[in-house]
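Text of the file run.cif, holding mmCIF, C-alpha atoms and all ligand atoms:
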```cif
data_run
loop_
_atom_site.group_PDB
_atom_site.id
_atom_site.type_symbol
_atom_site.label_atom_id
_atom_site.label_comp_id
_atom_site.auth_asym_id
_atom_site.auth_seq_id
_atom_site.Cartn_x
_atom_site.Cartn_y
_atom_site.Cartn_z
ATOM 1 C CA MET A 10 4.229 -24.483 31.283
ATOM 2 C CA ARG A 11 0.466 -25.095 31.476
ATOM 3 C CA GLY A 12 -0.366 -28.427 33.115
ATOM 4 C CA THR A 13 3.091 -29.965 32.809
ATOM 5 C CA ALA A 14 4.857 -30.218 36.126
ATOM 6 C CA VAL A 15 6.518 -33.378 34.816
ATOM 7 C CA ILE A 16 7.803 -33.807 31.283
ATOM 8 C CA ASP A 17 7.841 -37.398 30.120
ATOM 9 C CA PRO A 18 10.652 -37.723 27.554
ATOM 10 C CA THR A 19 9.030 -40.834 26.051
ATOM 11 C CA GLU A 20 5.701 -39.076 25.519
ATOM 12 C CA PHE A 21 6.256 -38.533 21.812
ATOM 13 C CA GLY A 22 8.107 -41.789 21.110
ATOM 14 C CA PHE A 23 5.598 -42.562 18.360
ATOM 15 C CA ILE A 24 7.160 -39.801 16.220
ATOM 16 C CA GLU A 25 10.562 -41.577 16.243
ATOM 17 C CA PRO A 26 10.343 -42.370 12.463
ATOM 18 C CA LEU A 27 10.450 -38.629 11.747
ATOM 19 C CA LEU A 28 13.339 -38.071 14.189
ATOM 20 C CA LYS A 29 15.245 -40.835 12.400
ATOM 21 C CA ARG A 30 14.606 -39.184 9.029
ATOM 22 C CA LEU A 31 15.808 -35.866 10.459
ATOM 23 C CA GLN A 32 18.993 -37.498 11.690
ATOM 24 C CA GLU A 33 19.639 -39.190 8.346
ATOM 25 C CA SER A 34 18.961 -35.988 6.426
ATOM 26 C CA SER A 35 21.446 -34.041 8.560
ATOM 27 C CA ARG A 36 24.164 -36.289 7.107
ATOM 28 C CA ALA A 37 22.853 -36.271 3.534
ATOM 29 C CA ARG A 38 23.953 -33.596 1.092
ATOM 30 C CA ASN A 39 21.093 -33.145 -1.328
ATOM 31 C CA GLY A 40 21.302 -29.404 -1.791
ATOM 32 C CA ARG A 41 18.305 -28.427 0.300
ATOM 33 C CA PRO A 42 17.053 -28.817 3.875
ATOM 34 C CA PHE A 43 14.661 -31.588 4.940
ATOM 35 C CA VAL A 44 11.108 -30.191 4.949
ATOM 36 C CA THR A 45 8.472 -31.254 7.497
ATOM 37 C CA LEU A 46 4.960 -29.910 6.980
ATOM 38 C CA SER A 47 3.159 -29.611 10.304
ATOM 39 C CA TYR A 48 -0.125 -27.839 10.945
ATOM 40 C CA ALA A 49 -3.420 -28.227 12.797
ATOM 41 C CA GLN A 50 -6.793 -28.465 11.076
ATOM 42 C CA SER A 51 -10.395 -29.121 12.034
ATOM 43 C CA LEU A 52 -12.145 -32.317 10.916
ATOM 44 C CA ASP A 53 -13.465 -30.435 7.896
ATOM 45 C CA GLY A 54 -9.944 -29.340 6.879
ATOM 46 C CA SER A 55 -10.047 -25.709 8.106
ATOM 47 C CA ILE A 56 -6.934 -24.114 9.623
ATOM 48 C CA ALA A 57 -8.732 -20.906 10.645
ATOM 49 C CA VAL A 58 -12.212 -19.372 10.628
ATOM 50 C CA ASP A 59 -10.906 -16.815 8.155
ATOM 51 C CA PRO A 60 -7.348 -16.043 7.053
ATOM 52 C CA SER A 61 -7.074 -12.730 8.908
ATOM 53 C CA HIS A 62 -7.623 -14.279 12.339
ATOM 54 C CA THR A 63 -5.829 -16.852 14.431
ATOM 55 C CA CYS A 64 -7.754 -19.893 15.644
ATOM 56 C CA CYS A 65 -6.503 -22.287 18.308
ATOM 57 C CA LEU A 66 -7.379 -25.825 17.241
ATOM 58 C CA SER A 67 -4.869 -28.094 18.995
ATOM 59 C CA SER A 68 -5.369 -29.810 22.333
ATOM 60 C CA TRP A 69 -2.752 -29.148 25.008
ATOM 61 C CA ARG A 70 -0.806 -32.335 24.246
ATOM 62 C CA SER A 71 -0.836 -31.842 20.497
ATOM 63 C CA LEU A 72 0.350 -28.284 21.083
ATOM 64 C CA GLN A 73 3.187 -29.753 23.155
ATOM 65 C CA LEU A 74 3.961 -32.121 20.265
ATOM 66 C CA THR A 75 4.206 -29.127 17.946
ATOM 67 C CA HIS A 76 6.674 -27.457 20.303
ATOM 68 C CA PHE A 77 8.635 -30.704 20.665
ATOM 69 C CA LEU A 78 8.853 -30.915 16.851
ATOM 70 C CA ARG A 79 9.865 -27.263 16.589
ATOM 71 C CA SER A 80 12.741 -27.970 18.971
ATOM 72 C CA ARG A 81 13.978 -30.732 16.630
ATOM 73 C CA HIS A 82 14.136 -28.508 13.530
ATOM 74 C CA ASP A 83 16.675 -25.841 12.627
ATOM 75 C CA ALA A 84 14.083 -23.447 11.216
ATOM 76 C CA LEU A 85 10.365 -22.731 11.325
ATOM 77 C CA LEU A 86 8.817 -21.228 8.187
ATOM 78 C CA VAL A 87 5.566 -19.278 7.761
ATOM 79 C CA GLY A 88 4.080 -16.853 5.249
ATOM 80 C CA ILE A 89 3.753 -13.132 5.899
ATOM 81 C CA ASN A 90 -0.053 -13.347 6.240
ATOM 82 C CA THR A 91 0.382 -15.564 9.299
ATOM 83 C CA ILE A 92 2.631 -12.918 10.851
ATOM 84 C CA LEU A 93 0.087 -10.199 10.081
ATOM 85 C CA ALA A 94 -2.856 -12.292 11.381
ATOM 86 C CA ASP A 95 -1.310 -13.894 14.474
ATOM 87 C CA ASP A 96 1.888 -11.970 15.336
ATOM 88 C CA PRO A 97 3.301 -15.355 16.482
ATOM 89 C CA GLN A 98 6.402 -15.861 18.618
ATOM 90 C CA LEU A 99 7.369 -19.095 16.816
ATOM 91 C CA THR A 100 9.333 -20.252 19.861
ATOM 92 C CA VAL A 101 9.518 -23.467 21.874
ATOM 93 C CA ARG A 102 7.637 -22.684 25.081
ATOM 94 C CA HIS A 103 5.605 -25.769 25.909
ATOM 95 C CA TRP A 104 8.431 -28.290 25.818
ATOM 96 C CA PRO A 105 12.097 -28.075 26.856
ATOM 97 C CA GLY A 106 14.442 -27.461 23.961
ATOM 98 C CA PRO A 107 15.926 -24.839 21.667
ATOM 99 C CA SER A 108 13.764 -22.583 19.518
ATOM 100 C CA PRO A 109 14.321 -22.860 15.768
ATOM 101 C CA ARG A 110 15.258 -19.937 13.556
ATOM 102 C CA PRO A 111 12.116 -18.206 12.223
ATOM 103 C CA VAL A 112 11.836 -17.805 8.446
ATOM 104 C CA VAL A 113 9.149 -15.658 6.795
ATOM 105 C CA LEU A 114 8.216 -15.544 3.100
ATOM 106 C CA ASP A 115 7.481 -11.890 2.385
ATOM 107 C CA LYS A 116 7.838 -10.670 -1.212
ATOM 108 C CA PHE A 117 7.119 -6.978 -0.479
ATOM 109 C CA LEU A 118 8.572 -6.822 3.052
ATOM 110 C CA ARG A 119 5.231 -6.124 4.719
ATOM 111 C CA MET A 120 6.599 -7.444 8.023
ATOM 112 C CA PRO A 121 5.969 -4.821 10.773
ATOM 113 C CA CYS A 122 9.107 -3.714 12.624
ATOM 114 C CA ASP A 123 7.298 -4.106 15.946
ATOM 115 C CA SER A 124 6.270 -7.720 15.321
ATOM 116 C CA ARG A 125 7.053 -10.175 18.111
ATOM 117 C CA LEU A 126 9.573 -12.014 15.934
ATOM 118 C CA LEU A 127 11.718 -8.886 15.867
ATOM 119 C CA ARG A 128 11.545 -8.441 19.609
ATOM 120 C CA GLN A 129 13.552 -11.622 20.296
ATOM 121 C CA PRO A 130 17.181 -10.546 19.996
ATOM 122 C CA LEU A 131 18.559 -14.096 20.369
ATOM 123 C CA ARG A 132 16.912 -15.510 17.241
ATOM 124 C CA LYS A 133 17.420 -13.310 14.232
ATOM 125 C CA PRO A 134 14.500 -14.042 11.868
ATOM 126 C CA ILE A 135 15.259 -14.594 8.206
ATOM 127 C CA ILE A 136 12.923 -12.835 5.814
ATOM 128 C CA ILE A 137 12.909 -14.140 2.263
ATOM 129 C CA THR A 138 11.926 -11.360 -0.086
ATOM 130 C CA SER A 139 12.239 -10.338 -3.740
ATOM 131 C CA ASP A 140 13.583 -7.492 -5.835
ATOM 132 C CA ALA A 141 10.041 -6.081 -5.750
ATOM 133 C CA ALA A 142 10.438 -5.023 -2.098
ATOM 134 C CA PRO A 143 11.172 -1.334 -1.452
ATOM 135 C CA VAL A 144 14.850 -0.838 -0.496
ATOM 136 C CA GLN A 145 13.945 1.359 2.479
ATOM 137 C CA HIS A 146 11.813 -1.473 3.925
ATOM 138 C CA ARG A 147 14.803 -3.805 3.675
ATOM 139 C CA GLN A 148 16.983 -1.299 5.487
ATOM 140 C CA ARG A 149 14.379 -0.730 8.188
ATOM 141 C CA LEU A 150 13.894 -4.447 8.861
ATOM 142 C CA MET A 151 17.643 -5.107 8.951
ATOM 143 C CA GLU A 152 18.036 -2.303 11.466
ATOM 144 C CA SER A 153 15.258 -3.942 13.500
ATOM 145 C CA GLY A 154 17.236 -7.174 13.667
ATOM 146 C CA ALA A 155 16.126 -9.250 10.666
ATOM 147 C CA GLN A 156 18.331 -10.959 8.131
ATOM 148 C CA VAL A 157 16.906 -10.309 4.674
ATOM 149 C CA LEU A 158 17.624 -12.675 1.775
ATOM 150 C CA VAL A 159 16.482 -12.051 -1.785
ATOM 151 C CA ALA A 160 15.118 -14.900 -3.908
ATOM 152 C CA PRO A 161 13.665 -14.893 -7.435
ATOM 153 C CA LEU A 162 9.925 -15.077 -8.031
ATOM 154 C CA ASP A 163 8.302 -18.140 -9.575
ATOM 155 C CA ALA A 164 5.782 -18.309 -12.440
ATOM 156 C CA GLU A 165 2.956 -17.456 -9.990
ATOM 157 C CA GLY A 166 4.762 -14.347 -8.749
ATOM 158 C CA MET A 167 5.540 -15.922 -5.358
ATOM 159 C CA VAL A 168 8.944 -16.266 -3.726
ATOM 160 C CA ASP A 169 10.426 -19.236 -5.576
ATOM 161 C CA LEU A 170 10.628 -22.086 -3.075
ATOM 162 C CA ALA A 171 13.042 -24.243 -5.050
ATOM 163 C CA SER A 172 15.563 -21.354 -4.967
ATOM 164 C CA THR A 173 14.775 -20.438 -1.362
ATOM 165 C CA LEU A 174 15.569 -23.822 0.170
ATOM 166 C CA PRO A 175 19.242 -23.915 -0.974
ATOM 167 C CA LEU A 176 19.629 -20.331 0.357
ATOM 168 C CA LEU A 177 18.476 -21.577 3.763
ATOM 169 C CA GLN A 178 20.819 -24.543 3.543
ATOM 170 C CA GLU A 179 23.688 -22.093 2.936
ATOM 171 C CA GLU A 180 22.689 -20.426 6.215
ATOM 172 C CA GLY A 181 23.342 -23.758 7.941
ATOM 173 C CA LEU A 182 19.665 -24.725 8.257
ATOM 174 C CA ARG A 183 19.360 -28.435 7.494
ATOM 175 C CA SER A 184 15.771 -29.014 8.562
ATOM 176 C CA ILE A 185 12.735 -26.784 8.194
ATOM 177 C CA MET A 186 9.322 -27.120 9.750
ATOM 178 C CA VAL A 187 6.669 -25.451 7.583
ATOM 179 C CA GLU A 188 3.656 -24.439 9.697
ATOM 180 C CA GLY A 189 1.470 -22.341 7.439
ATOM 181 C CA GLY A 190 -0.661 -20.668 6.562
ATOM 182 C CA GLY A 191 -2.803 -22.068 3.797
ATOM 183 C CA CYS A 192 -1.024 -20.351 0.919
ATOM 184 C CA VAL A 193 2.383 -21.595 2.080
ATOM 185 C CA ILE A 194 1.113 -25.134 2.764
ATOM 186 C CA ASN A 195 -0.400 -25.286 -0.729
ATOM 187 C CA HIS A 196 2.678 -23.958 -2.396
ATOM 188 C CA PHE A 197 5.059 -26.412 -0.716
ATOM 189 C CA LEU A 198 2.736 -29.302 -1.612
ATOM 190 C CA ARG A 199 2.232 -28.139 -5.204
ATOM 191 C CA GLU A 200 5.983 -27.809 -5.701
ATOM 192 C CA ARG A 201 6.480 -31.305 -4.216
ATOM 193 C CA LEU A 202 8.924 -29.914 -1.667
ATOM 194 C CA VAL A 203 7.535 -31.662 1.425
ATOM 195 C CA ASP A 204 9.447 -34.672 2.759
ATOM 196 C CA TYR A 205 7.312 -35.508 5.809
ATOM 197 C CA CYS A 206 3.849 -34.557 7.129
ATOM 198 C CA VAL A 207 2.621 -34.285 10.713
ATOM 199 C CA ILE A 208 -1.002 -33.150 10.556
ATOM 200 C CA THR A 209 -3.062 -32.576 13.698
ATOM 201 C CA ILE A 210 -6.767 -33.151 13.138
ATOM 202 C CA ALA A 211 -8.874 -31.621 15.908
ATOM 203 C CA PRO A 212 -12.421 -32.923 16.489
ATOM 204 C CA LYS A 213 -13.975 -29.596 15.532
ATOM 205 C CA LEU A 214 -16.049 -28.348 12.629
ATOM 206 C CA ILE A 215 -15.416 -24.822 11.397
ATOM 207 C CA GLY A 216 -16.281 -24.566 7.725
ATOM 208 C CA GLY A 217 -13.579 -21.942 7.443
ATOM 209 C CA PHE A 218 -10.312 -21.303 5.664
ATOM 210 C CA LYS A 219 -8.959 -24.531 4.210
ATOM 211 C CA ALA A 220 -5.377 -25.749 4.533
ATOM 212 C CA VAL A 221 -5.243 -27.371 1.117
ATOM 213 C CA SER A 222 -7.081 -26.408 -2.052
ATOM 214 C CA GLU A 223 -6.940 -27.193 -5.749
ATOM 215 C CA LEU A 224 -3.911 -29.392 -5.292
ATOM 216 C CA CYS A 225 -4.800 -31.849 -8.035
ATOM 217 C CA GLN A 226 -5.772 -29.355 -10.741
ATOM 218 C CA PRO A 227 -6.138 -30.071 -13.615
ATOM 219 C CA ALA A 228 -8.413 -32.821 -12.353
ATOM 220 C CA ASP A 229 -6.412 -35.680 -13.834
ATOM 221 C CA GLN A 230 -3.519 -35.113 -11.392
ATOM 222 C CA PRO A 231 -3.061 -37.981 -8.930
ATOM 223 C CA PRO A 232 -3.518 -37.160 -5.220
ATOM 224 C CA LEU A 233 -0.428 -36.847 -3.040
ATOM 225 C CA SER A 234 -0.001 -39.788 -0.658
ATOM 226 C CA ILE A 235 1.439 -40.072 2.806
ATOM 227 C CA ARG A 236 3.281 -43.378 2.637
ATOM 228 C CA GLU A 237 2.475 -45.880 5.406
ATOM 229 C CA CYS A 238 0.603 -43.141 7.228
ATOM 230 C CA GLN A 239 0.461 -43.686 11.001
ATOM 231 C CA TYR A 240 -2.046 -42.303 13.491
ATOM 232 C CA GLN A 241 -1.831 -41.353 17.129
ATOM 233 C CA VAL A 242 -4.541 -39.910 19.366
ATOM 234 C CA LEU A 243 -3.424 -37.103 21.703
ATOM 235 C CA ASP A 244 -6.058 -35.628 24.031
ATOM 236 C CA GLY A 245 -8.763 -36.374 21.440
ATOM 237 C CA ASP A 246 -6.803 -34.943 18.489
ATOM 238 C CA LEU A 247 -5.708 -37.331 15.763
ATOM 239 C CA ILE A 248 -2.109 -36.962 14.619
ATOM 240 C CA ALA A 249 -1.566 -38.319 11.094
ATOM 241 C CA PHE A 250 2.067 -38.603 10.104
ATOM 242 C CA GLY A 251 4.407 -40.144 7.582
ATOM 243 C CA PRO A 252 6.676 -39.397 4.633
ATOM 244 C CA LEU A 253 5.077 -37.775 1.616
ATOM 245 C CA ASP A 254 5.510 -39.715 -1.596
ATOM 246 C CA PRO A 255 7.689 -37.737 -3.961
ATOM 247 C CA ALA A 256 5.454 -38.581 -6.988
HETATM 248 N N1 LIG B 301 -3.842 -24.084 11.957
HETATM 249 C C1 LIG B 301 -2.559 -23.923 11.715
HETATM 250 O O1 LIG B 301 -1.745 -24.840 11.971
HETATM 251 C C2 LIG B 301 -2.058 -22.621 11.150
HETATM 252 C C3 LIG B 301 -0.677 -22.400 11.035
HETATM 253 C C4 LIG B 301 -0.249 -21.190 10.496
HETATM 254 C C5 LIG B 301 -1.182 -20.239 10.079
HETATM 255 N N2 LIG B 301 -2.510 -20.480 10.216
HETATM 256 C C6 LIG B 301 -3.505 -19.503 9.756
HETATM 257 O O2 LIG B 301 -3.359 -19.284 8.356
HETATM 258 C C7 LIG B 301 -3.912 -18.004 8.045
HETATM 259 C C8 LIG B 301 -2.967 -17.284 7.091
HETATM 260 O O3 LIG B 301 -2.811 -18.095 5.937
HETATM 261 P P1 LIG B 301 -2.703 -17.436 4.481
HETATM 262 O O4 LIG B 301 -2.846 -18.515 3.480
HETATM 263 O O5 LIG B 301 -3.626 -16.261 4.390
HETATM 264 O O6 LIG B 301 -1.239 -16.841 4.443
HETATM 265 P P2 LIG B 301 0.243 -17.412 4.638
HETATM 266 O O7 LIG B 301 0.372 -18.722 3.966
HETATM 267 O O8 LIG B 301 0.612 -17.282 6.060
HETATM 268 O O9 LIG B 301 1.073 -16.290 3.851
HETATM 269 C C9 LIG B 301 0.902 -16.190 2.457
HETATM 270 C C10 LIG B 301 1.690 -15.038 1.918
HETATM 271 O O10 LIG B 301 3.095 -15.323 1.994
HETATM 272 C C11 LIG B 301 3.735 -14.693 0.926
HETATM 273 N N3 LIG B 301 4.495 -15.653 0.115
HETATM 274 C C12 LIG B 301 5.624 -15.337 -0.533
HETATM 275 N N4 LIG B 301 6.093 -16.377 -1.204
HETATM 276 C C13 LIG B 301 5.248 -17.387 -0.998
HETATM 277 C C14 LIG B 301 5.223 -18.719 -1.464
HETATM 278 N N5 LIG B 301 6.176 -19.228 -2.249
HETATM 279 N N6 LIG B 301 4.200 -19.488 -1.107
HETATM 280 C C15 LIG B 301 3.235 -19.009 -0.295
HETATM 281 N N7 LIG B 301 3.215 -17.742 0.196
HETATM 282 C C16 LIG B 301 4.220 -16.929 -0.172
HETATM 283 C C17 LIG B 301 2.641 -14.086 0.029
HETATM 284 O O11 LIG B 301 2.528 -12.708 0.373
HETATM 285 P P3 LIG B 301 3.428 -11.647 -0.458
HETATM 286 O O12 LIG B 301 2.988 -11.827 -1.907
HETATM 287 O O13 LIG B 301 3.098 -10.358 0.127
HETATM 288 O O14 LIG B 301 4.844 -12.096 -0.277
HETATM 289 C C18 LIG B 301 1.405 -14.827 0.452
HETATM 290 O O15 LIG B 301 0.222 -14.089 0.242
HETATM 291 C C19 LIG B 301 -4.105 -17.281 9.363
HETATM 292 O O16 LIG B 301 -5.477 -17.308 9.709
HETATM 293 C C20 LIG B 301 -3.323 -18.131 10.365
HETATM 294 O O17 LIG B 301 -3.886 -18.076 11.667
HETATM 295 C C21 LIG B 301 -2.971 -21.664 10.745
#
```

Show me, as structure tokens, the structure contained in the file I just sent.
Amino acid sequence: MRGTAVIDPTEFGFIEPLLKRLQESSRARNGRPFVTLSYAQSLDGSIAVDPSHTCCLSSWRSLQLTHFLRSRHDALLVGINTILADDPQLTVRHWPGPSPRPVVLDKFLRMPCDSRLLRQPLRKPIIITSDAAPVQHRQRLMESGAQVLVAPLDAEGMVDLASTLPLLQEEGLRSIMVEGGGCVINHFLRERLVDYCVITIAPKLIGGFKAVSELCQPADQPPLSIRECQYQVLDGDLIAFGPLDPA
């Protein structure tokens, strides 16, 4: 672990309100997992220079916070474009703790069989797809170690999130950390399916690919609010966190 001979278990005590919500939600039975949205952006709201490339924005300590938060969730969800751009491991490496189950939204099953997620035999990734995916792709990915679940499509032709979350709950996943990319972040926010936000704001300017766009269209829609938003500085990054108002 880079620069961390000693792990201070109180280091992320400020995030206790989220841990409490996670604990409460594990007892509640509301038909879907608790959803935490957590991503890193530049000061100008970019999550990448362009969507086909990865871009490291977080400081070391905010990266550790991300891994700490991963270890407290049952699953970690991303869109297929993030897999194709970054080939991420989606593990907990920079903090002690278990790695969550990876979940990928992938309507056409574009996930490559040699992706890093499929090279980790201990954590079978779940791929949420649709009837539009070729059957042979499903077979190939299952043989490569993935669990494939089929969900309906929504009015925009995307995997329907409201149907997907109960499917994940049936798999025993009671909390999900949604990390990106932009399309997935937007969709969860638009569908009002985010319970809690932890947003890392790095002191960088990129002018690149934005995390959130056209959320309040048509223009008379009220903005979404993080209730009693709190702020913490970690190695120069600002962490903004709090529950998202359901409105
Ligand atoms: N800074 C950060 O914290 C962070 C975190 C993660 C990713 N990223 C960056 O984000 C970029 C990729 O973002 P992106 O917006 O291009 O792609 P994305 O959000 O990773 O994936 C979007 C794709 O997922 C599939 N999908 C299926 N159902 C969906 C649904 N209900 N909602 C949303 N997507 C659904 C769609 O492809 P199909 O139609 O083929 O199913 C869609 O095009 C990369 O540059 C990556 O590095 C940054």

Nearby residues (all atoms listed in the file) at most 9 Å from stretch 34-42 of chain A, same-chain spacing under 5 positions excluded, as a PyMOL selection string: chain A and resi 29+171+173-179+182-185

Using only C-alpha atoms and all ligand atoms: which of A:Ala160, A:Ile137, A:Cys238, A:Ile56 has the shortest distance to ligand LIG 301 (chain B): A:Ile56

Where does the PyMOL selection byres (((chain A and resi 44-49) around 8) and not hetatm) land in this file, that is, which residues does it pick, as a PDB file with C-alpha atoms, in the coordinates of the input?
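Contents of out.pdb, as written:
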```
ATOM      1  CA  PRO A  42      17.053 -28.817   3.875  1.00  0.00           C
ATOM      2  CA  PHE A  43      14.661 -31.588   4.940  1.00  0.00           C
ATOM      3  CA  GLN A  50      -6.793 -28.465  11.076  1.00  0.00           C
ATOM      4  CA  SER A  51     -10.395 -29.121  12.034  1.00  0.00           C
ATOM      5  CA  ILE A  56      -6.934 -24.114   9.623  1.00  0.00           C
ATOM      6  CA  LEU A  66      -7.379 -25.825  17.241  1.00  0.00           C
ATOM      7  CA  SER A  67      -4.869 -28.094  18.995  1.00  0.00           C
ATOM      8  CA  THR A  75       4.206 -29.127  17.946  1.00  0.00           C
ATOM      9  CA  SER A 184      15.771 -29.014   8.562  1.00  0.00           C
ATOM     10  CA  ILE A 185      12.735 -26.784   8.194  1.00  0.00           C
ATOM     11  CA  MET A 186       9.322 -27.120   9.750  1.00  0.00           C
ATOM     12  CA  VAL A 187       6.669 -25.451   7.583  1.00  0.00           C
ATOM     13  CA  GLU A 188       3.656 -24.439   9.697  1.00  0.00           C
ATOM     14  CA  GLY A 189       1.470 -22.341   7.439  1.00  0.00           C
ATOM     15  CA  ILE A 194       1.113 -25.134   2.764  1.00  0.00           C
ATOM     16  CA  LEU A 202       8.924 -29.914  -1.667  1.00  0.00           C
ATOM     17  CA  VAL A 203       7.535 -31.662   1.425  1.00  0.00           C
ATOM     18  CA  ASP A 204       9.447 -34.672   2.759  1.00  0.00           C
ATOM     19  CA  TYR A 205       7.312 -35.508   5.809  1.00  0.00           C
ATOM     20  CA  CYS A 206       3.849 -34.557   7.129  1.00  0.00           C
ATOM     21  CA  VAL A 207       2.621 -34.285  10.713  1.00  0.00           C
ATOM     22  CA  ILE A 208      -1.002 -33.150  10.556  1.00  0.00           C
ATOM     23  CA  THR A 209      -3.062 -32.576  13.698  1.00  0.00           C
ATOM     24  CA  ILE A 210      -6.767 -33.151  13.138  1.00  0.00           C
ATOM     25  CA  ALA A 211      -8.874 -31.621  15.908  1.00  0.00           C
TER      26      ALA A 211
END
```

Contacts between ligand LIG 301 (chain B) and chain A, please, where a residue of chain A counts if it comes within 6 Å (with all atoms listed in the file); show its shortest atom pair and distance in Å to one decimal, rows by chain and ascending number, as CSV.
```
residue,atom,partner,partner_atom,distance
A:Tyr48,CA,B:LIG301,O1,3.6
A:Ala49,CA,B:LIG301,O1,3.9
A:Gln50,CA,B:LIG301,N1,5.4
A:Ile56,CA,B:LIG301,N1,3.9
A:Ala57,CA,B:LIG301,O16,4.9
A:Asp59,CA,B:LIG301,O16,5.7
A:Pro60,CA,B:LIG301,O16,3.5
A:Ser61,CA,B:LIG301,O16,4.9
A:His62,CA,B:LIG301,O16,4.5
A:Thr63,CA,B:LIG301,O17,3.6
A:Cys64,CA,B:LIG301,O17,5.8
A:Val87,CA,B:LIG301,O8,5.6
A:Gly88,CA,B:LIG301,O9,3.4
A:Ile89,CA,B:LIG301,O10,4.5
A:Asn90,CA,B:LIG301,O9,4.0
A:Thr91,CA,B:LIG301,O8,3.7
A:Ala94,CA,B:LIG301,C19,5.5
A:Asp95,CA,B:LIG301,O17,5.7
A:Leu114,CA,B:LIG301,C12,4.5
A:Asp115,CA,B:LIG301,O14,3.8
A:Lys116,CA,B:LIG301,O14,3.4
A:Phe117,CA,B:LIG301,O13,5.3
A:Met167,CA,B:LIG301,N4,4.2
A:Val168,CA,B:LIG301,N4,3.8
A:Asp169,CA,B:LIG301,N5,5.4
A:Leu170,CA,B:LIG301,N5,5.4
A:Glu188,CA,B:LIG301,C3,5.0
A:Gly189,CA,B:LIG301,C4,3.7
A:Gly190,CA,B:LIG301,O7,3.4
A:Gly191,CA,B:LIG301,O4,3.6
A:Cys192,CA,B:LIG301,O4,3.6
A:Val193,CA,B:LIG301,C15,3.6
A:His196,CA,B:LIG301,N6,4.9
```

Store the residues picked out above, limited to C-alpha atoms, as a short mmCIF file (atom, residue, chain, number, x, y, z; two decimals), in the frame of the given file.
```cif
data_model
loop_
_atom_site.label_atom_id
_atom_site.label_comp_id
_atom_site.auth_asym_id
_atom_site.auth_seq_id
_atom_site.Cartn_x
_atom_site.Cartn_y
_atom_site.Cartn_z
CA TYR A 48 -0.12 -27.84 10.94
CA ALA A 49 -3.42 -28.23 12.80
CA GLN A 50 -6.79 -28.46 11.08
CA ILE A 56 -6.93 -24.11 9.62
CA ALA A 57 -8.73 -20.91 10.64
CA ASP A 59 -10.91 -16.82 8.15
CA PRO A 60 -7.35 -16.04 7.05
CA SER A 61 -7.07 -12.73 8.91
CA HIS A 62 -7.62 -14.28 12.34
CA THR A 63 -5.83 -16.85 14.43
CA CYS A 64 -7.75 -19.89 15.64
CA VAL A 87 5.57 -19.28 7.76
CA GLY A 88 4.08 -16.85 5.25
CA ILE A 89 3.75 -13.13 5.90
CA ASN A 90 -0.05 -13.35 6.24
CA THR A 91 0.38 -15.56 9.30
CA ALA A 94 -2.86 -12.29 11.38
CA ASP A 95 -1.31 -13.89 14.47
CA LEU A 114 8.22 -15.54 3.10
CA ASP A 115 7.48 -11.89 2.38
CA LYS A 116 7.84 -10.67 -1.21
CA PHE A 117 7.12 -6.98 -0.48
CA MET A 167 5.54 -15.92 -5.36
CA VAL A 168 8.94 -16.27 -3.73
CA ASP A 169 10.43 -19.24 -5.58
CA LEU A 170 10.63 -22.09 -3.08
CA GLU A 188 3.66 -24.44 9.70
CA GLY A 189 1.47 -22.34 7.44
CA GLY A 190 -0.66 -20.67 6.56
CA GLY A 191 -2.80 -22.07 3.80
CA CYS A 192 -1.02 -20.35 0.92
CA VAL A 193 2.38 -21.60 2.08
CA HIS A 196 2.68 -23.96 -2.40
#
```

Atom CA of A:Pro26 to atom CA of A:Phe250, distance in Å rounded to a single decimal: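 Rounded to one decimal, the two atoms are 9.4 Å apart.
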
Residue list as a VMD selection string for point (12.6, -39.2, 18.4), cut-off 12 Å, all atoms listed in the file: chain A and resid 18 to 32 74 77 to 78 80 to 82

Residue nearest A:Arg201 - candidates A:Pro161, A:Pro134, A:Pro252, A:Pro105, atoms counted: only C-alpha atoms: A:Pro252

Residues within 12 Å of A:Trp69, only C-alpha atoms, excluding chain neighbours under 2 positions, as a ChimeraX atom specification: /A:10-13,65-67,71-76,103-104,209,211,243-246

Selection to disk with C-alpha atoms, as a PDB file, keeping the file's coordinate frame:
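For reference, again.pdb as written:
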```
ATOM      1  CA  MET A  10       4.229 -24.483  31.283  1.00  0.00           C
ATOM      2  CA  ARG A  11       0.466 -25.095  31.476  1.00  0.00           C
ATOM      3  CA  GLY A  12      -0.366 -28.427  33.115  1.00  0.00           C
ATOM      4  CA  THR A  13       3.091 -29.965  32.809  1.00  0.00           C
ATOM      5  CA  CYS A  65      -6.503 -22.287  18.308  1.00  0.00           C
ATOM      6  CA  LEU A  66      -7.379 -25.825  17.241  1.00  0.00           C
ATOM      7  CA  SER A  67      -4.869 -28.094  18.995  1.00  0.00           C
ATOM      8  CA  SER A  71      -0.836 -31.842  20.497  1.00  0.00           C
ATOM      9  CA  LEU A  72       0.350 -28.284  21.083  1.00  0.00           C
ATOM     10  CA  GLN A  73       3.187 -29.753  23.155  1.00  0.00           C
ATOM     11  CA  LEU A  74       3.961 -32.121  20.265  1.00  0.00           C
ATOM     12  CA  THR A  75       4.206 -29.127  17.946  1.00  0.00           C
ATOM     13  CA  HIS A  76       6.674 -27.457  20.303  1.00  0.00           C
ATOM     14  CA  HIS A 103       5.605 -25.769  25.909  1.00  0.00           C
ATOM     15  CA  TRP A 104       8.431 -28.290  25.818  1.00  0.00           C
ATOM     16  CA  THR A 209      -3.062 -32.576  13.698  1.00  0.00           C
ATOM     17  CA  ALA A 211      -8.874 -31.621  15.908  1.00  0.00           C
ATOM     18  CA  LEU A 243      -3.424 -37.103  21.703  1.00  0.00           C
ATOM     19  CA  ASP A 244      -6.058 -35.628  24.031  1.00  0.00           C
ATOM     20  CA  GLY A 245      -8.763 -36.374  21.440  1.00  0.00           C
ATOM     21  CA  ASP A 246      -6.803 -34.943  18.489  1.00  0.00           C
TER      22      ASP A 246
END
```
